[in-house]
Structures are given as C-alpha cells and as structure tokens.
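As structure tokens, the structure follows; a few thoughts come after it.
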Amino acid sequence: MSRIIEITSLSHEALTPYVRLTEAQLKNRLHPEDGLFIAESPVVIGYALDAGYEPVSFLMERRHVAGKAAALLERCPDAPMYTADADVLQALTGYPLTRGVLCAMRRRPLPAVEDVLKGARRAAVLEGIVDTTNIGAIFRSAAALGMDAVLLTPTACDPLNRRAVRVSMGTVFQVPWTFIGESRADWPERGLERLRGLGFSTCALALTDESVSIDDPVLARQEKLALVLGTEGDGLARQTIAACDFTARIPMAHGVDSLNVAAAGAVAFWQLAKWG
C-alpha cells in the first residue's frame, strides 16, 4: 500500500504539481525528462498504468483510499498518497477533485513517427488543433472507431493536457501517438512527404470544389491512408489541402456547412477505419 499522508495546507511541496504548476510548467520543455502530467479518476489512471506510465504521487479524498482507489494503490506501493476530506481538498485546491482521485505521472520520451505507424493502415493527423476538449474527443473516437494511430503537427495541443486526458477517458494511453515534427517548418511539406515515404496516401478533410465524398470507393481502396483534420475555425491550411493526395468532404443536410472537428473526425473514422 502507498504511504498515506494527511494534508492540511498548500505549503506541502509535494502538492506543487496539483495546485501550482501550469500545463506548460508540468510539461517542462527545458527539461522534458522531468515532465509530468495529471491523470484523473481511477479508470483513467488505470489505463495510464497499463500503458507503462510511472506514478509520482496520488491526491484523493479520504473515502477513496479503501474504496475505488484501493486497487490502484496496491499497484503502486512506492507512490506517496496525499489525502483529506473532500471539503478540505476543495478548500485547498479551489476546485472539486474530478471523481475524487488524481495522480501525478511522469512523461515518457515521445516515440518516432516510424514506430507509431509500424503496422498501421489508418492514421489521423491533427493539424494545429488546440482545443483540449476536441483533442480528447478525437482520441476517444479514434480508439473506439478503429484508427491505428494519431499524429499531431507541431502547433497542436498536447494530448497529455489534463483536460484532454479527462475528455479522452484515458484513450490517449491506448492509441499510439506522437508529434510529426518539432517546429512549424516540419509541416506540412516535410510531414506529408514523411508519410508518403512510409507508404501512406494522404486525405485532407475539407470543403472544396475538388473534394470527393467520404464514402468514395477510391478512399476505401487505399492500403494505407492518413486522414488530415484541420484546426478549429479555419480548418486546414490551403497548402496542406493542395499537398494531400485526396480531399474528402462529409455530405451535409439542411444547409449545414460543416461539423465540429471532433464530430467530423468521428464520422470520417467510422467510414474509413472500417475498411482497414
């Protein structure tokens, strides 16, 4: 069983990841080997443990120590566990704990694109998507609807952002993912060429006069297909659309011009991954 430590104030240094660090500070760009993220709820924390992430500490309501978090604590006997009653924790942190259980975990080095795509036939590429809710929802759809991998361009949101992890229901730990490039210069031309070099055809999801329907058989026939989704509001960059092998659209009714990117991704994943 983890060491149980009662807390009564915010002065305890071990609480810093939970209450004093921003997402950028948790990520620690200058020293990525020291980077952390926060996972919430026993289910999500369990998925992260299954994926091999190392727990640093737990923060939870006292009632969960011998309750729904007991199995997690048994799995992590060396991780300290900080606890208090729910009203005390809310007063300390300024917000109620989601499902009463948090875990600070160590980040891991990101895998290479080539490793993430090894054996993959269907991949999603997220260009500049920055909304954490959309990132989480896209990962959840990718996991549920059979996508093999997710790639993010350098300007996209970190999938280990606390809200993104929560919205994904832990699927960020189930679908292989990484960033395709480290700077703006790595996308789109270099990134798309990298995908082609790995045998992938590329399909931009966009509304253009040259687009085909998402259920066009030409897409289904592609042995390996990377579906590229664009940022909120502006969608994909023109140069990205022009550089992709195909452009596809989702047919709309009632004069609706488009879907939220997470909803559009779910529709496209279902249509294209089922052929994979």
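In the structure tokens, chains take the letters A, B, ... in the order shown, each chain's residues start at 1, and ligands count up from 1 in the order shown.
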Pull the strand (DSSP E) assignments for segment 3-245 of chain A out of DSSP run on the backbone, and list those residues as a PyMOL selection string.
-> chain A and resi 4-6+36-40+55-61+81-84+101-106+122-126+149-152+177-179+201-205+212-213+225-229
Filtering to C-alpha atoms, could you give me those residues as a PDB file, in the first residue's frame?
ATOM      1  CA  ILE A   4      -0.698   7.707   3.292  1.00  0.00           C
ATOM      2  CA  ILE A   5      -0.007  11.353   4.153  1.00  0.00           C
ATOM      3  CA  GLU A   6      -2.684  13.620   5.632  1.00  0.00           C
ATOM      4  CA  LEU A  36       4.744  15.440 -15.558  1.00  0.00           C
ATOM      5  CA  PHE A  37       1.048  15.221 -16.317  1.00  0.00           C
ATOM      6  CA  ILE A  38      -2.049  14.803 -14.167  1.00  0.00           C
ATOM      7  CA  ALA A  39      -4.437  11.881 -14.683  1.00  0.00           C
ATOM      8  CA  GLU A  40      -7.908  11.970 -13.118  1.00  0.00           C
ATOM      9  CA  PRO A  55       3.106   7.375 -10.900  1.00  0.00           C
ATOM     10  CA  VAL A  56       4.807  10.061  -8.794  1.00  0.00           C
ATOM     11  CA  SER A  57       2.059  10.563  -6.213  1.00  0.00           C
ATOM     12  CA  PHE A  58      -1.696  10.435  -5.633  1.00  0.00           C
ATOM     13  CA  LEU A  59      -4.085  13.057  -4.284  1.00  0.00           C
ATOM     14  CA  MET A  60      -7.527  11.847  -3.268  1.00  0.00           C
ATOM     15  CA  GLU A  61     -10.456  12.119  -0.929  1.00  0.00           C
ATOM     16  CA  MET A  81      -0.696   9.241  -1.396  1.00  0.00           C
ATOM     17  CA  TYR A  82      -1.923  12.598  -0.066  1.00  0.00           C
ATOM     18  CA  THR A  83      -5.402  12.744   1.337  1.00  0.00           C
ATOM     19  CA  ALA A  84      -8.016  14.719   3.257  1.00  0.00           C
ATOM     20  CA  VAL A 101      -8.735  10.787  -7.355  1.00  0.00           C
ATOM     21  CA  LEU A 102      -5.752  12.448  -9.059  1.00  0.00           C
ATOM     22  CA  CYS A 103      -2.356  11.056  -9.956  1.00  0.00           C
ATOM     23  CA  ALA A 104       0.782  12.936 -10.978  1.00  0.00           C
ATOM     24  CA  MET A 105       2.673  10.805 -13.504  1.00  0.00           C
ATOM     25  CA  ARG A 106       5.978  11.062 -15.325  1.00  0.00           C
ATOM     26  CA  ARG A 122      -5.299   4.077 -40.867  1.00  0.00           C
ATOM     27  CA  ALA A 123      -3.959   7.166 -39.109  1.00  0.00           C
ATOM     28  CA  ALA A 124      -5.362  10.537 -38.122  1.00  0.00           C
ATOM     29  CA  VAL A 125      -3.229  13.668 -38.437  1.00  0.00           C
ATOM     30  CA  LEU A 126      -4.332  16.658 -36.343  1.00  0.00           C
ATOM     31  CA  ALA A 149      -2.552   5.870 -34.719  1.00  0.00           C
ATOM     32  CA  VAL A 150      -2.794   9.624 -34.183  1.00  0.00           C
ATOM     33  CA  LEU A 151      -0.164  12.149 -35.252  1.00  0.00           C
ATOM     34  CA  LEU A 152      -0.148  15.792 -34.206  1.00  0.00           C
ATOM     35  CA  TRP A 177       0.524   8.792 -30.961  1.00  0.00           C
ATOM     36  CA  THR A 178       3.334  11.282 -31.381  1.00  0.00           C
ATOM     37  CA  PHE A 179       4.105  14.667 -32.929  1.00  0.00           C
ATOM     38  CA  SER A 201      -1.748   8.146 -49.063  1.00  0.00           C
ATOM     39  CA  THR A 202      -2.965  11.399 -47.529  1.00  0.00           C
ATOM     40  CA  CYS A 203      -6.513  12.723 -47.457  1.00  0.00           C
ATOM     41  CA  ALA A 204      -7.464  16.232 -46.348  1.00  0.00           C
ATOM     42  CA  LEU A 205     -10.894  16.558 -44.749  1.00  0.00           C
ATOM     43  CA  VAL A 212     -14.878  13.639 -53.062  1.00  0.00           C
ATOM     44  CA  SER A 213     -17.438  12.218 -50.675  1.00  0.00           C
ATOM     45  CA  LEU A 225      -4.429   6.190 -45.500  1.00  0.00           C
ATOM     46  CA  ALA A 226      -3.688   9.196 -43.286  1.00  0.00           C
ATOM     47  CA  LEU A 227      -6.702  11.421 -42.725  1.00  0.00           C
ATOM     48  CA  VAL A 228      -5.724  15.051 -42.052  1.00  0.00           C
ATOM     49  CA  LEU A 229      -8.056  17.156 -39.885  1.00  0.00           C
TER      50      LEU A 229
END
Write out as a tab-separated table (two decimals) with N, CA and C atoms, in the first residue's frame which residues come within 10 Å of Leu192 of chain A when counting only C-alpha atoms, dropping same-chain ones fewer than 2 positions away.
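The resulting file, part_20.tsv, is reproduced below:
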chain	number	residue	atom	x	y	z
A	125	VAL	N	-4.22	12.61	-38.62
A	125	VAL	CA	-3.23	13.67	-38.44
A	125	VAL	C	-3.98	14.93	-38.03
A	180	ILE	N	4.42	14.91	-35.32
A	180	ILE	CA	5.11	14.74	-36.58
A	180	ILE	C	5.91	16.02	-36.84
A	186	ASP	N	8.41	21.86	-40.05
A	186	ASP	CA	8.28	20.42	-40.32
A	186	ASP	C	6.92	20.04	-40.89
A	187	TRP	N	6.01	21.02	-41.01
A	187	TRP	CA	4.68	20.72	-41.54
A	187	TRP	C	4.19	21.91	-42.36
A	188	PRO	N	3.51	21.70	-43.54
A	188	PRO	CA	3.03	20.39	-44.00
A	188	PRO	C	3.95	19.62	-44.95
A	189	GLU	N	4.79	20.34	-45.71
A	189	GLU	CA	5.51	19.65	-46.79
A	189	GLU	C	6.36	18.49	-46.29
A	190	ARG	N	7.19	18.76	-45.29
A	190	ARG	CA	8.08	17.70	-44.79
A	190	ARG	C	7.28	16.56	-44.17
A	194	ARG	N	7.05	12.70	-45.44
A	194	ARG	CA	7.43	11.64	-44.50
A	194	ARG	C	6.37	10.53	-44.48
A	195	LEU	N	5.11	10.93	-44.50
A	195	LEU	CA	4.02	9.95	-44.53
A	195	LEU	C	4.05	9.14	-45.83
A	196	ARG	N	4.26	9.83	-46.93
A	196	ARG	CA	4.33	9.11	-48.21
A	196	ARG	C	5.50	8.14	-48.23
A	197	GLY	N	6.60	8.55	-47.63
A	197	GLY	CA	7.75	7.67	-47.57
A	197	GLY	C	7.48	6.39	-46.78
A	198	LEU	N	6.48	6.44	-45.91
A	198	LEU	CA	6.08	5.28	-45.13
A	198	LEU	C	4.92	4.53	-45.78
A	200	PHE	N	1.98	5.85	-47.00
A	200	PHE	CA	0.63	6.36	-46.75
A	200	PHE	C	0.18	7.32	-47.84
A	201	SER	N	-1.05	7.11	-48.31
A	201	SER	CA	-1.75	8.15	-49.06
A	201	SER	C	-2.31	9.12	-48.05
A	202	THR	N	-2.49	10.38	-48.46
A	202	THR	CA	-2.97	11.40	-47.53
A	202	THR	C	-4.27	11.98	-48.03
A	226	ALA	N	-3.77	8.24	-44.39
A	226	ALA	CA	-3.69	9.20	-43.29
A	226	ALA	C	-4.72	10.29	-43.53
A	228	VAL	N	-6.23	13.81	-42.65
A	228	VAL	CA	-5.72	15.05	-42.05
A	228	VAL	C	-6.89	15.96	-41.69
A	240	THR	N	-1.75	22.71	-47.18
A	240	THR	CA	-1.93	21.32	-46.75
A	240	THR	C	-2.90	20.62	-47.68
A	243	ALA	N	-1.39	19.88	-50.99
A	243	ALA	CA	-0.32	18.89	-50.99
A	243	ALA	C	-0.81	17.48	-50.71
A	244	CYS	N	-2.05	17.30	-50.25
A	244	CYS	CA	-2.57	15.96	-49.97
A	244	CYS	C	-2.96	15.25	-51.27
A	245	ASP	N	-2.98	13.95	-51.23
A	245	ASP	CA	-3.33	13.16	-52.41
A	245	ASP	C	-4.82	13.24	-52.73
Per-residue DSSP, segment 69-146 of chain A, filtered to alpha helix (DSSP H), as a ChimeraX atom specification = /A:70-75,86-93,113-116,132-144
Store the residues picked out above, limited to N, CA and C atoms, as a compact mmCIF listing (two decimals), in the first residue's frame.
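File produced: result_31.txt:
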# COMPACT_ATOMS: atom_id res chain seq x y z
N ALA A 70 -8.47 1.75 -4.04
CA ALA A 70 -7.66 0.75 -3.33
C ALA A 70 -6.83 -0.10 -4.28
N ALA A 71 -7.41 -0.52 -5.39
CA ALA A 71 -6.67 -1.36 -6.33
C ALA A 71 -5.50 -0.61 -6.95
N LEU A 72 -5.68 0.69 -7.23
CA LEU A 72 -4.59 1.49 -7.78
C LEU A 72 -3.43 1.58 -6.79
N LEU A 73 -3.77 1.82 -5.54
CA LEU A 73 -2.73 1.95 -4.53
C LEU A 73 -1.97 0.64 -4.33
N GLU A 74 -2.66 -0.46 -4.47
CA GLU A 74 -1.98 -1.76 -4.39
C GLU A 74 -0.99 -1.93 -5.53
N ARG A 75 -1.31 -1.38 -6.69
CA ARG A 75 -0.42 -1.47 -7.84
C ARG A 75 0.79 -0.56 -7.70
N ALA A 86 -13.18 15.62 1.45
CA ALA A 86 -13.49 16.33 0.21
C ALA A 86 -13.56 17.84 0.39
N ASP A 87 -14.19 18.31 1.49
CA ASP A 87 -14.32 19.75 1.68
C ASP A 87 -12.97 20.41 1.94
N VAL A 88 -12.06 19.69 2.61
CA VAL A 88 -10.73 20.22 2.85
C VAL A 88 -9.96 20.32 1.53
N LEU A 89 -10.03 19.28 0.71
CA LEU A 89 -9.32 19.30 -0.56
C LEU A 89 -9.83 20.40 -1.48
N GLN A 90 -11.14 20.61 -1.50
CA GLN A 90 -11.68 21.66 -2.35
C GLN A 90 -11.23 23.03 -1.85
N ALA A 91 -11.16 23.21 -0.54
CA ALA A 91 -10.70 24.48 0.01
C ALA A 91 -9.23 24.71 -0.32
N LEU A 92 -8.44 23.63 -0.32
CA LEU A 92 -7.02 23.76 -0.61
C LEU A 92 -6.75 24.05 -2.08
N THR A 93 -7.43 23.31 -2.96
CA THR A 93 -7.15 23.41 -4.39
C THR A 93 -7.99 24.47 -5.09
N VAL A 113 7.80 8.80 -35.35
CA VAL A 113 6.65 8.60 -36.24
C VAL A 113 6.68 7.21 -36.85
N GLU A 114 7.87 6.78 -37.25
CA GLU A 114 8.01 5.47 -37.88
C GLU A 114 7.59 4.34 -36.95
N ASP A 115 7.87 4.49 -35.67
CA ASP A 115 7.48 3.46 -34.71
C ASP A 115 5.97 3.47 -34.47
N VAL A 116 5.39 4.66 -34.39
CA VAL A 116 3.94 4.78 -34.17
C VAL A 116 3.16 4.18 -35.34
N THR A 132 -8.49 21.64 -26.08
CA THR A 132 -8.24 20.40 -25.35
C THR A 132 -9.43 19.45 -25.37
N THR A 133 -10.64 20.01 -25.39
CA THR A 133 -11.83 19.16 -25.46
C THR A 133 -11.87 18.42 -26.78
N ASN A 134 -11.58 19.12 -27.87
CA ASN A 134 -11.57 18.48 -29.18
C ASN A 134 -10.48 17.40 -29.26
N ILE A 135 -9.31 17.69 -28.72
CA ILE A 135 -8.23 16.69 -28.75
C ILE A 135 -8.68 15.43 -28.02
N GLY A 136 -9.24 15.59 -26.83
CA GLY A 136 -9.69 14.43 -26.07
C GLY A 136 -10.77 13.66 -26.79
N ALA A 137 -11.75 14.38 -27.37
CA ALA A 137 -12.85 13.73 -28.07
C ALA A 137 -12.35 12.99 -29.31
N ILE A 138 -11.39 13.58 -30.03
CA ILE A 138 -10.84 12.92 -31.22
C ILE A 138 -10.13 11.63 -30.84
N PHE A 139 -9.36 11.66 -29.77
CA PHE A 139 -8.69 10.44 -29.33
C PHE A 139 -9.70 9.36 -28.95
N ARG A 140 -10.76 9.77 -28.28
CA ARG A 140 -11.76 8.78 -27.88
C ARG A 140 -12.41 8.14 -29.11
N SER A 141 -12.72 8.96 -30.11
CA SER A 141 -13.30 8.43 -31.35
C SER A 141 -12.30 7.56 -32.09
N ALA A 142 -11.04 7.99 -32.13
CA ALA A 142 -10.02 7.21 -32.83
C ALA A 142 -9.89 5.82 -32.22
N ALA A 143 -9.93 5.75 -30.89
CA ALA A 143 -9.83 4.46 -30.22
C ALA A 143 -11.06 3.61 -30.47
N ALA A 144 -12.22 4.23 -30.37
CA ALA A 144 -13.47 3.47 -30.48
C ALA A 144 -13.77 3.02 -31.90
For Leu26 of chain A, the nearest of the candidates A:Ala79, A:Arg62, A:Asn161, A:Ala264, counting only C-alpha atoms =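 Ranked by minimum distance to Leu26 of chain A, first place goes to A:Asn161.
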In Å, rounded to a single decimal, give me how far atom CA of Asp148 of chain A is from atom CA of Pro176 of chain A.
->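 So the two atoms, atom CA of Pro176 of chain A and atom CA of Asp148 of chain A, lie 7.2 Å apart.
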When you look at Leu145 of chain A with a cut-off of 12 Å (counting only C-alpha atoms), what residues show up, excluding the ones that are within fewer than 6 positions of it in the same chain? I need them as a tab-separated table (two decimals) with N, CA and C atoms, in the first residue's frame.
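result-v3.tsv written:
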chain	number	residue	atom	x	y	z
A	122	ARG	N	-4.47	2.88	-40.93
A	122	ARG	CA	-5.30	4.08	-40.87
A	122	ARG	C	-4.80	4.97	-39.74
A	123	ALA	N	-4.48	6.22	-40.09
A	123	ALA	CA	-3.96	7.17	-39.11
A	123	ALA	C	-4.69	8.49	-39.24
A	124	ALA	N	-4.82	9.18	-38.13
A	124	ALA	CA	-5.36	10.54	-38.12
A	124	ALA	C	-4.23	11.51	-37.88
A	137	ALA	N	-11.75	14.38	-27.37
A	137	ALA	CA	-12.85	13.73	-28.07
A	137	ALA	C	-12.35	12.99	-29.31
A	138	ILE	N	-11.39	13.58	-30.03
A	138	ILE	CA	-10.84	12.92	-31.22
A	138	ILE	C	-10.13	11.63	-30.84
A	139	PHE	N	-9.36	11.66	-29.77
A	139	PHE	CA	-8.69	10.44	-29.33
A	139	PHE	C	-9.70	9.36	-28.95
A	171	THR	N	-8.17	7.24	-23.37
A	171	THR	CA	-7.80	6.62	-24.63
A	171	THR	C	-6.49	7.18	-25.20
A	175	VAL	N	-4.24	4.57	-27.78
A	175	VAL	CA	-3.95	4.77	-29.20
A	175	VAL	C	-2.52	5.28	-29.35
A	265	GLY	N	-14.32	14.21	-37.29
A	265	GLY	CA	-13.35	13.13	-37.17
A	265	GLY	C	-14.02	11.81	-36.88
A	266	ALA	N	-15.02	11.81	-36.00
A	266	ALA	CA	-15.72	10.57	-35.66
A	266	ALA	C	-16.40	9.96	-36.88
A	267	VAL	N	-17.07	10.81	-37.68
A	267	VAL	CA	-17.74	10.32	-38.89
A	267	VAL	C	-16.71	9.74	-39.86
A	268	ALA	N	-15.63	10.47	-40.07
A	268	ALA	CA	-14.61	10.01	-41.02
A	268	ALA	C	-13.92	8.74	-40.53
A	269	PHE	N	-13.66	8.67	-39.24
A	269	PHE	CA	-13.01	7.46	-38.71
A	269	PHE	C	-13.90	6.24	-38.93
A	270	TRP	N	-15.17	6.38	-38.65
A	270	TRP	CA	-16.08	5.24	-38.81
A	270	TRP	C	-16.10	4.80	-40.26
A	271	GLN	N	-16.18	5.76	-41.17
A	271	GLN	CA	-16.29	5.42	-42.58
A	271	GLN	C	-15.02	4.78	-43.12
A	272	LEU	N	-13.87	5.31	-42.71
A	272	LEU	CA	-12.61	4.88	-43.32
A	272	LEU	C	-11.92	3.75	-42.56
A	273	ALA	N	-12.02	3.76	-41.24
A	273	ALA	CA	-11.32	2.72	-40.48
A	273	ALA	C	-11.98	1.37	-40.64
A	274	LYS	N	-13.27	1.34	-40.95
A	274	LYS	CA	-13.95	0.04	-41.07
A	274	LYS	C	-13.43	-0.75	-42.27
A	275	TRP	N	-12.76	-0.06	-43.19
A	275	TRP	CA	-12.18	-0.76	-44.34
A	275	TRP	C	-10.78	-1.27	-44.03
A	276	GLY	N	-10.21	-0.81	-42.90
A	276	GLY	CA	-8.80	-1.09	-42.63
A	276	GLY	C	-8.53	-2.53	-42.22
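The two atoms in question, atom CA of Leu49 of chain A and atom CA of Arg107 of chain A, are spaced 11.9 Å apart.
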Out of A:Ser183, A:Asn260, A:Ser9, A:Ser168, which residue has the shortest atom-to-atom distance to Thr231 of chain A when counting only C-alpha atoms?
-> A:Asn260
